[in-house]
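The block underneath contains the structure these notes are about, expressed in structure tokens.
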Amino acid sequence: MTRARESEPTVVSKLETRTDLRWSRKDLLGLRELSAEEINFVLDTADAFKQVGTREIKKVPALRGKTLVNFFVEPSTRTRTSFELAAFRLSADVINISVATSSLTKGETLKDTAKNLEALHADILVLRHSSAGAPQFLAERLQSSVINAGDGAHEHPTQGLLDLYTIREKKGRVDGLHVVIVGDILFSRVARSNIFALTKLGARVTLLGPSTLVPGAFERLGVTISHDIDQVLPTADVVNLLRIQHERQRKEYFPGLGEYVRLFGLTKERAKLLRPECLIMHPGPINRGVEIDSEVADGNQSVILDQVTNGLAVRMAVLYLCGGIAT
Amino acid sequence: MGLWPVRPAELHSAETAKADSMSAGRTDWKSIFRRAEERDVSTTIIRNGRVIDPANRRDEVVDLVIVDGRIADLSAIRNPQSAIAEIDATDLIVVPGLIDIHVHLREPGFGWKETIESGARAAAAGGFTTVVCMPNTAPVADNPATITWIKNRAAEIACVNILPTGSISKNLLGEELAPIGSLRQTGAVAITDDGHCVQNHELMRRAVEYARMVGIPVLDHCQDYNLVGNGVVNEGYWSTLLGLPGWPAAGEEAMVMRNILLAELCNHPIHCQHISTAGSVRLIREARARGVKISGEVCPHHIALTDDAIQNFETNFKMNPPLRSQHDVDAIVQGIADGTFTILASDHAPHAQFEKEVEFDAAPFGIVGLETELGLFLDLLIHKKRAITINRLVEMYTVEPAKLLNIEAGTLSPGARGDVTIIDANLDWRVNTSEFESLSRNTPFGGWKLRGRAVRTIVNGETVWELNRSKRPSKIAATA
């Protein structure tokens with residue numbers, strides 16, 4: 001208790017001074033609209049919050065008295081849990097609403113549901129939704145702060161930020177690194193947020209996967225496209241593997257998991273092509289034996305669990321920054 | 001047509017007898033003018049306007065006279081001073097009442113979006129004297145009773161002429177033919193599954209053959225369901241960036257190609273609605289050069305906007321087919337300029353605010369268009385891009401749709417119906433959605449500054465709408 005009390009003012013006061021200078025957004029909708037400076041600022045803020053997690057008392061009063069609603073109109077366990085825990089650590093009051101319990105199934109519109117939550121004085125709305133643009137739709141209509149926790153195939157900004165945070169933490173920089181993103185890029189919001197942020201911070205990005213899921217149009221986002229994993233892996237500084245969900249894919253996009261593993265899976269054999277210092281990342285949940293072999297996922301190049309830990313710090317930073325603006 | 005005992009479509013069946021007695025060549029103008037001077041019938045003279053009547057290759061500053069709801073022969077007037085109503089059209093353009101071949105009036109079934117009454121008022125305010133309404137109502141206009149209901153309701157309440165279309169397939173499901181002959185006999189001027197597209201090429205082929213027998217054209221919304229899937233925006237840079245499901249150009253072009261093949265096979269007109277892609281322009285151009293009975297129409301949004309407009313997920317930019325790239329826009333404008341496209345239309349698709357104010361992929365497709373289309377086309381095609389002459393623009397809104405549908409409209413020939421639109425081609429105005437006559441406001445053009453618009457709409461010799469008059473468009477009480 002004593003230790004925590006002593007350190008709280010340092011963390012919070014340090015941040016508040018900088019907040020005035022560098023952050024003016026009530027919402028976090030995506031990484032495309034953020035400047036490199038803003039992205040770095042969130043990552044710097046997350047540094048301070050990561051330290052909180054290592055203490056005996058893992059809680060600061062930054063959002064004490066604020067109400068956060070986790071509004072998940074699409075199933076999610078880990079993102080929701082991470083936001084919930086981040087809010088607890090900032091002393092906010094949290095309620096969780098998932099699609100099964102919400103009025104949306106009774107025919108109420110998204111706007112009406114959100115307006116009702118705001119009428120209950122929700123300060124921060126964390127939205128997961130299957131429709132691209134849903135968070136922006138609400139942000140334009142609510143006083144509350146809206147945090148995008150994943151919208152359709154559009155963006156998943158906190159995932160992008162935690163990926164960047166992890167790269168920066170392990171590599172000391174993002175600029176100049178070669179980051180390879182592998183898998184279902186077309187339907188991936190994680191891929192888009194990563195592409196926007198990585199290119200802004202000066203990384204070289206290669207997208208890798210079947211031509212049906214990595215269409216040529218992505219080249220216009222300033223990235224390179226490849227369909228030959230063996231050629232790309234030797235020059236990678238970071239390999240970020242996306243989850244392959246063949247059961248949810250339309251069957252015409254690729255022939256099956258066996259073929260996927262043969263062409264694009266990060267097998268034990270292929271992992272040998274990697275430089276020893278190359279990071280292996282995955283937003284989870286992983287399919288062992290599909291996009292990544294079990295041994296590789298558990299190997300010493302894997303930073304998959306660091307991503308989870310960092311996700312908490314990054315989400316604390318985002319809630320703290322946006323929640324501070326909203327009032 | 002010998003096998004099929006149906007006359008060319010009449011605008012109002014109740015007036016058939018009168019039209020017959022007044023058909024060109026047998027009109028007794030002397031007695032009509034005598035009655036006019038005795039003030040038995042209404043006479044209107046539109047003075048000093050530039051009369052553009054493409055059907056008669058006419059473009060001159062001249063007075064135009066309407067007697068008893070019909071265009072009169074100027075030379076037949078002994079004393080034009082006796083006109084009851086005079087309209088000064090100095091510096092204005094006087095054209096045959098414009099026809100919009102592609103409008104959703106939403107009745108029966110969706111009266112909160114639009115009604116036949118409000119849709120007709122919107123048409124009048126846009127300069128249209130005749131609109132062709134689509135069959136995707138509830139119930140679907142796939143049966144004679146619904147066609148009759150629409151016609152009766154229009155006769156009762158609409159201030160412009162309403163021409164219904166029937167569906168190609170029962171309930172728009174694309175599975176079995178609607179009773180096309182019965183639809184034709186009750187007054188459908190064309191068949192279309194607009195909003196939907198018959199995917200089964202065999203069914204479409206038989207529909208075209210059947211339509212040929214009964215003498216009405218087939219209009220088609222060109223969309224291959226497999227290629228388009230759940231696409232909501234043009235497949236390209238913006239769909240990639242925003243993660244919105246893409247609607248590829250090939251999804252339209254595959255069906256345009258299909259329609260070219262079937263128009264050729266059946267030797268009967270198929271009209272491709274709301275064309276949006278450069279590939280479709282090329283296909284239609286090539287087929288028309290070979291003499292295939294294929295035609296295409298253009299809506300203003302497909303040349304006024306590109307898909308970069310969707311970047312804020314604003315649902316008033318969501319329509320079907322979607323906004324395309326600048327390359328497509330340029331090709332369509334070129335297609336208008338070189339005559340590949342014969343018809344301009346709005347695809348007026350009203351939706352209530354609460355329906356549009358939802359997540360982008362959940363929002364219904366479509367925008368209102370009747371009250372902005374003429375202004376947009378005048379501004380873009382005539383003033384900004386100089387793609388066509390105003391004479392051709394008028395032709396694309398009058399002669400061409402009238403010819404496709406085989407209807408008595410779109411001309412200022414003596415004896416023709418007294419449907420006239422007066423246009424101020426140089427008037428600068430701003431789109432103000434709060435002044436719309438339509439029940440719906442779902443337009444991306446609110447606040448746009450445009451040059452040129454209709455200033456008066458005359459149906460059957462009576463002014464049903466006039467700019468800057470408090471009088472709202474209304475049905476003129478029929479004179480006995």
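Naming scheme: A, B, ... for chains in displayed order of the structure tokens; residues 1 onward per chain; ligands 1 onward as shown.
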Using only C-alpha atoms, determine which residues of chain A fall within 10 Å of chain B; present them as a compact mmCIF listing (two decimals) with all heavy atoms, in the first residue's frame.
```
# COMPACT_ATOMS: atom_id res chain seq x y z
N ARG A 32 -4.50 4.61 -38.78
CA ARG A 32 -4.28 5.33 -40.02
C ARG A 32 -4.27 6.83 -39.79
O ARG A 32 -3.50 7.57 -40.40
CB ARG A 32 -5.34 4.97 -41.07
CG ARG A 32 -5.13 5.64 -42.42
CD ARG A 32 -5.92 4.97 -43.51
NE ARG A 32 -7.34 5.19 -43.40
CZ ARG A 32 -7.99 6.18 -44.01
NH1 ARG A 32 -7.34 7.04 -44.76
NH2 ARG A 32 -9.30 6.30 -43.88
N THR A 109 -31.20 -0.28 -32.67
CA THR A 109 -30.05 0.04 -33.51
C THR A 109 -28.82 0.27 -32.63
O THR A 109 -28.93 0.53 -31.44
CB THR A 109 -30.28 1.31 -34.34
OG1 THR A 109 -30.42 2.41 -33.43
CG2 THR A 109 -31.51 1.19 -35.21
N LEU A 110 -27.66 0.18 -33.26
CA LEU A 110 -26.40 0.41 -32.56
C LEU A 110 -26.39 1.80 -31.93
O LEU A 110 -25.97 2.00 -30.79
CB LEU A 110 -25.23 0.28 -33.54
CG LEU A 110 -23.85 0.56 -32.98
CD1 LEU A 110 -23.47 -0.47 -31.93
CD2 LEU A 110 -22.81 0.59 -34.09
N LYS A 111 -26.91 2.77 -32.70
CA LYS A 111 -26.92 4.14 -32.20
C LYS A 111 -27.76 4.26 -30.93
O LYS A 111 -27.35 4.88 -29.95
CB LYS A 111 -27.49 5.06 -33.29
CG LYS A 111 -27.54 6.51 -32.90
CD LYS A 111 -28.36 7.29 -33.92
CE LYS A 111 -28.72 8.66 -33.36
NZ LYS A 111 -29.78 9.29 -34.14
N ASP A 112 -28.95 3.64 -30.94
CA ASP A 112 -29.82 3.73 -29.77
C ASP A 112 -29.20 3.05 -28.56
O ASP A 112 -29.27 3.56 -27.44
CB ASP A 112 -31.19 3.13 -30.09
CG ASP A 112 -32.03 4.05 -30.97
OD1 ASP A 112 -31.83 5.28 -30.88
OD2 ASP A 112 -32.86 3.56 -31.74
N HIS A 129 -16.90 -4.73 -33.01
CA HIS A 129 -18.06 -4.83 -33.89
C HIS A 129 -17.66 -5.49 -35.20
O HIS A 129 -16.53 -5.30 -35.67
CB HIS A 129 -18.63 -3.43 -34.16
CG HIS A 129 -20.05 -3.42 -34.65
ND1 HIS A 129 -20.41 -3.88 -35.89
CD2 HIS A 129 -21.20 -3.03 -34.06
CE1 HIS A 129 -21.72 -3.75 -36.04
NE2 HIS A 129 -22.22 -3.24 -34.94
N SER A 130 -18.59 -6.22 -35.80
CA SER A 130 -18.27 -6.92 -37.05
C SER A 130 -18.31 -5.99 -38.27
O SER A 130 -17.86 -6.38 -39.34
CB SER A 130 -19.24 -8.09 -37.25
OG SER A 130 -20.56 -7.61 -37.21
N SER A 131 -18.83 -4.77 -38.11
CA SER A 131 -18.92 -3.85 -39.24
C SER A 131 -17.79 -2.84 -39.23
O SER A 131 -17.62 -2.11 -38.25
CB SER A 131 -20.24 -3.06 -39.20
OG SER A 131 -21.33 -3.92 -39.41
N ALA A 132 -17.05 -2.76 -40.33
CA ALA A 132 -16.03 -1.73 -40.46
C ALA A 132 -16.68 -0.36 -40.32
O ALA A 132 -17.74 -0.11 -40.88
CB ALA A 132 -15.34 -1.85 -41.82
N GLY A 133 -16.04 0.52 -39.55
CA GLY A 133 -16.55 1.87 -39.41
C GLY A 133 -17.51 2.08 -38.25
O GLY A 133 -17.87 3.22 -37.95
N ALA A 134 -17.95 1.00 -37.59
CA ALA A 134 -18.91 1.14 -36.49
C ALA A 134 -18.37 2.05 -35.37
O ALA A 134 -19.12 2.88 -34.84
CB ALA A 134 -19.31 -0.23 -35.95
N PRO A 135 -17.08 1.95 -34.98
CA PRO A 135 -16.59 2.86 -33.92
C PRO A 135 -16.63 4.32 -34.34
O PRO A 135 -16.98 5.19 -33.54
CB PRO A 135 -15.15 2.39 -33.70
CG PRO A 135 -15.10 0.99 -34.20
CD PRO A 135 -16.06 0.96 -35.35
N GLN A 136 -16.29 4.60 -35.59
CA GLN A 136 -16.35 5.99 -36.07
C GLN A 136 -17.79 6.49 -36.06
O GLN A 136 -18.06 7.63 -35.67
CB GLN A 136 -15.76 6.09 -37.48
CG GLN A 136 -15.89 7.49 -38.05
CD GLN A 136 -15.02 7.71 -39.27
OE1 GLN A 136 -14.12 6.94 -39.56
NE2 GLN A 136 -15.29 8.77 -39.99
N PHE A 137 -18.70 5.62 -36.47
CA PHE A 137 -20.12 5.95 -36.46
C PHE A 137 -20.55 6.41 -35.06
O PHE A 137 -21.23 7.42 -34.91
CB PHE A 137 -20.91 4.71 -36.91
CG PHE A 137 -22.40 4.81 -36.79
CD1 PHE A 137 -23.15 5.43 -37.78
CD2 PHE A 137 -23.06 4.29 -35.69
CE1 PHE A 137 -24.52 5.52 -37.69
CE2 PHE A 137 -24.44 4.37 -35.58
CZ PHE A 137 -25.17 4.99 -36.58
N LEU A 138 -20.13 5.66 -34.02
CA LEU A 138 -20.52 6.03 -32.66
C LEU A 138 -19.75 7.25 -32.18
O LEU A 138 -20.30 8.12 -31.50
CB LEU A 138 -20.29 4.86 -31.70
CG LEU A 138 -21.30 3.72 -31.80
CD1 LEU A 138 -21.09 2.73 -30.66
CD2 LEU A 138 -22.73 4.24 -31.80
N ASP A 151 -12.94 -3.54 -35.60
CA ASP A 151 -14.17 -3.33 -36.38
C ASP A 151 -14.05 -4.00 -37.74
O ASP A 151 -13.32 -3.55 -38.61
CB ASP A 151 -14.51 -1.84 -36.52
CG ASP A 151 -13.45 -1.00 -37.23
OD1 ASP A 151 -12.25 -1.35 -37.14
OD2 ASP A 151 -13.82 -0.01 -37.88
N GLY A 152 -14.78 -5.08 -37.90
CA GLY A 152 -14.78 -5.82 -39.16
C GLY A 152 -13.36 -6.13 -39.59
O GLY A 152 -12.54 -6.56 -38.80
N ALA A 153 -13.08 -5.88 -40.87
CA ALA A 153 -11.73 -6.10 -41.39
C ALA A 153 -10.97 -4.79 -41.44
O ALA A 153 -9.98 -4.67 -42.15
CB ALA A 153 -11.80 -6.73 -42.77
N HIS A 154 -11.43 -3.79 -40.71
CA HIS A 154 -10.88 -2.45 -40.83
C HIS A 154 -9.64 -2.24 -39.96
O HIS A 154 -8.52 -2.28 -40.45
CB HIS A 154 -11.97 -1.44 -40.49
CG HIS A 154 -11.54 -0.02 -40.57
ND1 HIS A 154 -11.95 0.93 -39.66
CD2 HIS A 154 -10.75 0.62 -41.45
CE1 HIS A 154 -11.41 2.10 -39.99
NE2 HIS A 154 -10.69 1.94 -41.07
N GLU A 155 -9.84 -2.03 -38.65
CA GLU A 155 -8.69 -1.75 -37.78
C GLU A 155 -8.85 -2.42 -36.42
O GLU A 155 -9.97 -2.69 -35.96
CB GLU A 155 -8.52 -0.24 -37.59
CG GLU A 155 -7.95 0.47 -38.81
CD GLU A 155 -6.74 1.38 -38.47
OE1 GLU A 155 -5.87 0.97 -37.66
OE2 GLU A 155 -6.70 2.50 -39.02
N ILE A 185 -4.54 -11.66 -44.94
CA ILE A 185 -4.42 -10.21 -44.83
C ILE A 185 -5.75 -9.55 -45.21
O ILE A 185 -6.20 -8.60 -44.57
CB ILE A 185 -3.31 -9.68 -45.78
CG1 ILE A 185 -2.00 -10.44 -45.57
CG2 ILE A 185 -3.12 -8.18 -45.58
CD1 ILE A 185 -1.34 -10.26 -44.25
N LEU A 186 -6.41 -10.07 -46.23
CA LEU A 186 -7.61 -9.44 -46.78
C LEU A 186 -8.67 -9.19 -45.70
O LEU A 186 -9.27 -8.13 -45.64
CB LEU A 186 -8.20 -10.31 -47.90
CG LEU A 186 -9.45 -9.77 -48.60
CD1 LEU A 186 -9.17 -8.43 -49.28
CD2 LEU A 186 -9.96 -10.78 -49.63
N PHE A 187 -8.89 -10.18 -44.85
CA PHE A 187 -9.96 -10.06 -43.85
C PHE A 187 -9.42 -9.64 -42.48
O PHE A 187 -10.14 -9.73 -41.49
CB PHE A 187 -10.72 -11.38 -43.73
CG PHE A 187 -11.47 -11.74 -44.98
CD1 PHE A 187 -10.99 -12.70 -45.86
CD2 PHE A 187 -12.67 -11.10 -45.28
CE1 PHE A 187 -11.69 -13.02 -47.02
CE2 PHE A 187 -13.37 -11.42 -46.44
CZ PHE A 187 -12.87 -12.38 -47.31
N SER A 188 -8.16 -9.19 -42.42
CA SER A 188 -7.55 -8.96 -41.11
C SER A 188 -7.46 -7.48 -40.74
O SER A 188 -6.79 -6.70 -41.40
CB SER A 188 -6.15 -9.56 -41.09
OG SER A 188 -5.52 -9.20 -39.87
N ARG A 189 -8.12 -7.14 -39.65
CA ARG A 189 -8.00 -5.79 -39.11
C ARG A 189 -6.64 -5.62 -38.43
O ARG A 189 -6.10 -4.52 -38.38
CB ARG A 189 -9.13 -5.52 -38.12
CG ARG A 189 -9.29 -6.61 -37.06
CD ARG A 189 -10.62 -6.45 -36.34
NE ARG A 189 -10.92 -7.59 -35.48
CZ ARG A 189 -12.14 -8.07 -35.30
NH1 ARG A 189 -13.16 -7.54 -35.92
NH2 ARG A 189 -12.35 -9.07 -34.49
N ARG A 192 -4.17 -4.58 -41.08
CA ARG A 192 -4.29 -3.18 -41.52
C ARG A 192 -3.71 -2.23 -40.48
O ARG A 192 -2.95 -1.32 -40.81
CB ARG A 192 -5.76 -2.85 -41.84
CG ARG A 192 -6.20 -3.42 -43.19
CD ARG A 192 -7.65 -3.09 -43.50
NE ARG A 192 -8.05 -3.65 -44.78
CZ ARG A 192 -8.29 -4.94 -45.00
NH1 ARG A 192 -8.17 -5.82 -44.00
NH2 ARG A 192 -8.66 -5.37 -46.20
N SER A 193 -4.05 -2.43 -39.22
CA SER A 193 -3.50 -1.52 -38.20
C SER A 193 -1.99 -1.62 -38.17
O SER A 193 -1.29 -0.61 -38.00
CB SER A 193 -4.10 -1.85 -36.82
OG SER A 193 -5.44 -1.40 -36.76
N PHE A 196 -0.51 0.27 -41.29
CA PHE A 196 -0.55 1.74 -41.16
C PHE A 196 0.52 2.23 -40.20
O PHE A 196 1.24 3.20 -40.49
CB PHE A 196 -1.93 2.20 -40.67
CG PHE A 196 -3.06 1.87 -41.61
CD1 PHE A 196 -4.28 1.42 -41.14
CD2 PHE A 196 -2.90 2.01 -42.99
CE1 PHE A 196 -5.33 1.12 -42.01
CE2 PHE A 196 -3.94 1.71 -43.87
CZ PHE A 196 -5.15 1.26 -43.37
N PRO A 215 -4.33 -9.75 -51.87
CA PRO A 215 -4.48 -9.22 -53.22
C PRO A 215 -3.54 -8.04 -53.49
O PRO A 215 -3.07 -7.37 -52.57
CB PRO A 215 -5.94 -8.76 -53.26
CG PRO A 215 -6.35 -8.58 -51.85
CD PRO A 215 -5.51 -9.51 -51.03
N GLY A 216 -3.27 -7.83 -54.77
CA GLY A 216 -2.32 -6.82 -55.20
C GLY A 216 -2.66 -5.40 -54.77
O GLY A 216 -1.77 -4.55 -54.67
N ALA A 217 -3.95 -5.15 -54.50
CA ALA A 217 -4.35 -3.79 -54.13
C ALA A 217 -3.61 -3.30 -52.89
O ALA A 217 -3.46 -2.09 -52.69
CB ALA A 217 -5.86 -3.76 -53.88
N PHE A 218 -3.10 -4.22 -52.07
CA PHE A 218 -2.40 -3.80 -50.85
C PHE A 218 -1.10 -3.07 -51.15
O PHE A 218 -0.60 -2.33 -50.31
CB PHE A 218 -2.13 -5.00 -49.94
CG PHE A 218 -3.29 -5.35 -49.05
CD1 PHE A 218 -4.25 -6.26 -49.47
CD2 PHE A 218 -3.44 -4.75 -47.81
CE1 PHE A 218 -5.34 -6.56 -48.66
CE2 PHE A 218 -4.53 -5.04 -47.00
CZ PHE A 218 -5.48 -5.96 -47.43
N GLU A 219 -0.55 -3.29 -52.35
CA GLU A 219 0.71 -2.62 -52.67
C GLU A 219 0.58 -1.11 -52.60
O GLU A 219 1.53 -0.40 -52.30
CB GLU A 219 1.21 -3.04 -54.06
CG GLU A 219 1.89 -4.39 -54.00
CD GLU A 219 2.40 -4.87 -55.33
OE1 GLU A 219 1.97 -4.32 -56.36
OE2 GLU A 219 3.21 -5.81 -55.34
N ARG A 220 -0.64 -0.64 -52.85
CA ARG A 220 -0.85 0.82 -52.82
C ARG A 220 -0.81 1.37 -51.39
O ARG A 220 -0.85 2.57 -51.19
CB ARG A 220 -2.18 1.16 -53.50
CG ARG A 220 -2.09 0.94 -55.01
CD ARG A 220 -3.41 1.21 -55.69
NE ARG A 220 -3.82 2.61 -55.58
CZ ARG A 220 -5.01 3.06 -55.96
NH1 ARG A 220 -5.90 2.22 -56.46
NH2 ARG A 220 -5.33 4.34 -55.83
N LEU A 221 -0.75 0.49 -50.40
CA LEU A 221 -0.60 0.96 -49.02
C LEU A 221 0.89 1.09 -48.65
O LEU A 221 1.22 1.30 -47.48
CB LEU A 221 -1.31 0.01 -48.04
CG LEU A 221 -2.79 -0.29 -48.33
CD1 LEU A 221 -3.39 -1.10 -47.19
CD2 LEU A 221 -3.58 0.98 -48.54
```
- Message: Residues of stretch 35-222 of chain B classed as helix (DSSP H, G or I) by DSSP on the backbone are to be reported as a VMD selection string.
- Response: chain B and resid 35 to 37 54 to 56 74 to 76 80 to 82 116 to 126 144 to 157 170 to 172 180 to 186 201 to 214
- Message: I want to know what sits within 9 Å of stretch 141-151 of chain B, based on only C-alpha atoms, with residues of the same chain fewer than 3 positions away left out; could you give that as a PyMOL selection string?
- Response: chain B and resi 12+107-108+116+134-138+154-156+162-172+178-180+182-188
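Residues in contact with A:Ile229 at 7 Å, where only C-alpha atoms are counted and same-chain residues fewer than 4 positions away are skipped, are listed as A:Leu208, A:Leu233, A:Phe264.
Using only C-alpha atoms, the residues found no farther than 8 Å from stretch 50-52 of chain A, other than those of its own chain fewer than 5 positions away, are Ile57, Lys58, Lys59, Val60, Asn310, Leu312, Ala313 and Val314 of chain A.
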Atoms kept (N, CA, C and O atoms) for selection, written as a PDB file, in the first residue's frame:
```pdb
ATOM      1  N   ILE A  57       1.114  -3.743  -5.751  1.00  0.00           N
ATOM      2  CA  ILE A  57      -0.220  -3.165  -5.920  1.00  0.00           C
ATOM      3  C   ILE A  57      -0.287  -2.642  -7.351  1.00  0.00           C
ATOM      4  O   ILE A  57       0.337  -1.643  -7.700  1.00  0.00           O
ATOM      5  N   LYS A  58      -1.068  -3.377  -8.157  1.00  0.00           N
ATOM      6  CA  LYS A  58      -1.033  -3.106  -9.599  1.00  0.00           C
ATOM      7  C   LYS A  58      -2.131  -2.131  -9.999  1.00  0.00           C
ATOM      8  O   LYS A  58      -2.831  -2.336 -10.981  1.00  0.00           O
ATOM      9  N   LYS A  59      -2.322  -1.086  -9.239  1.00  0.00           N
ATOM     10  CA  LYS A  59      -3.467  -0.237  -9.509  1.00  0.00           C
ATOM     11  C   LYS A  59      -3.109   1.227  -9.302  1.00  0.00           C
ATOM     12  O   LYS A  59      -2.421   1.569  -8.335  1.00  0.00           O
ATOM     13  N   VAL A  60      -3.567   2.080 -10.223  1.00  0.00           N
ATOM     14  CA  VAL A  60      -3.398   3.526 -10.071  1.00  0.00           C
ATOM     15  C   VAL A  60      -4.777   4.172 -10.157  1.00  0.00           C
ATOM     16  O   VAL A  60      -5.701   3.582 -10.730  1.00  0.00           O
ATOM     17  N   ASN A 310       2.190  -6.842 -22.846  1.00  0.00           N
ATOM     18  CA  ASN A 310       2.284  -5.470 -23.338  1.00  0.00           C
ATOM     19  C   ASN A 310       0.931  -4.906 -23.729  1.00  0.00           C
ATOM     20  O   ASN A 310       0.697  -3.694 -23.642  1.00  0.00           O
ATOM     21  N   LEU A 312      -1.764  -5.184 -22.202  1.00  0.00           N
ATOM     22  CA  LEU A 312      -2.368  -4.584 -21.014  1.00  0.00           C
ATOM     23  C   LEU A 312      -1.853  -3.158 -20.811  1.00  0.00           C
ATOM     24  O   LEU A 312      -2.632  -2.220 -20.585  1.00  0.00           O
ATOM     25  N   ALA A 313      -0.533  -2.980 -20.907  1.00  0.00           N
ATOM     26  CA  ALA A 313       0.067  -1.648 -20.704  1.00  0.00           C
ATOM     27  C   ALA A 313      -0.399  -0.673 -21.776  1.00  0.00           C
ATOM     28  O   ALA A 313      -0.737   0.484 -21.485  1.00  0.00           O
ATOM     29  N   VAL A 314      -0.441  -1.161 -23.021  1.00  0.00           N
ATOM     30  CA  VAL A 314      -0.857  -0.289 -24.121  1.00  0.00           C
ATOM     31  C   VAL A 314      -2.314   0.125 -23.934  1.00  0.00           C
ATOM     32  O   VAL A 314      -2.679   1.289 -24.145  1.00  0.00           O
TER      33      VAL A 314
END
```
- Message: So that I can check the surroundings of A:Leu161, please list as a ChimeraX atom specification every protein, DNA and RNA residue that reaches within 9 Å of it, counting only C-alpha atoms and ignoring chain neighbours fewer than 2 positions away.
- Response: /A:31,39,42-43,156-159,163-166,193-194,197,311,314-315
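For stretch 70-168 of chain B, the set of residues given strand (DSSP E) by DSSP on the backbone reads B:Arg70, B:Ile71, B:Ala85, B:Glu86, B:Ile87, B:Asp88, B:Ile93, B:Val94, B:Val95, B:Pro96, B:Leu98, B:Ile99, B:Asp100, B:Ile101, B:His102, B:Val103, B:Phe128, B:Thr129, B:Thr130, B:Val131, B:Val132, B:Cys133, B:Asn161, B:Ile162, B:Leu163, B:Pro164.
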Write out as a short mmCIF file (atom, residue, chain, number, x, y, z; two decimals) with N, CA, C and O atoms, in the first residue's frame the residues lying within 8 Å of B:Met255, counting only C-alpha atoms and excluding same-chain residues fewer than 5 positions away.
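Result written to around.cif:
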```cif
data_model
loop_
_atom_site.label_atom_id
_atom_site.label_comp_id
_atom_site.auth_asym_id
_atom_site.auth_seq_id
_atom_site.Cartn_x
_atom_site.Cartn_y
_atom_site.Cartn_z
N CYS B 222 -27.56 -4.99 -63.37
CA CYS B 222 -26.54 -5.97 -63.72
C CYS B 222 -25.63 -6.27 -62.53
O CYS B 222 -24.79 -5.44 -62.16
N GLN B 223 -25.81 -7.43 -61.94
CA GLN B 223 -25.02 -7.79 -60.76
C GLN B 223 -24.91 -9.30 -60.66
O GLN B 223 -25.91 -9.99 -60.45
N ASP B 224 -23.70 -9.82 -60.80
CA ASP B 224 -23.46 -11.25 -60.64
C ASP B 224 -23.28 -11.53 -59.14
O ASP B 224 -22.32 -11.07 -58.53
#
```
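The coordinates place atom CA of B:Ile216 at 16.5 Å from atom CA of B:Val399.
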- Pairwise distance for atom CA of B:Thr457 and atom CA of B:Gly127, rounded to one decimal in Å: 5.4 Å
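Minimum atom-to-atom distance to B:Leu305, evaluated using only C-alpha atoms, belongs to B:Phe445 out of B:Tyr210, B:Phe445, B:Trp465, B:Phe365.
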- So which one's closest to B:Ala287, B:Arg258, B:His274, B:Arg50, B:His104? Using only C-alpha atoms, please. B:Arg258
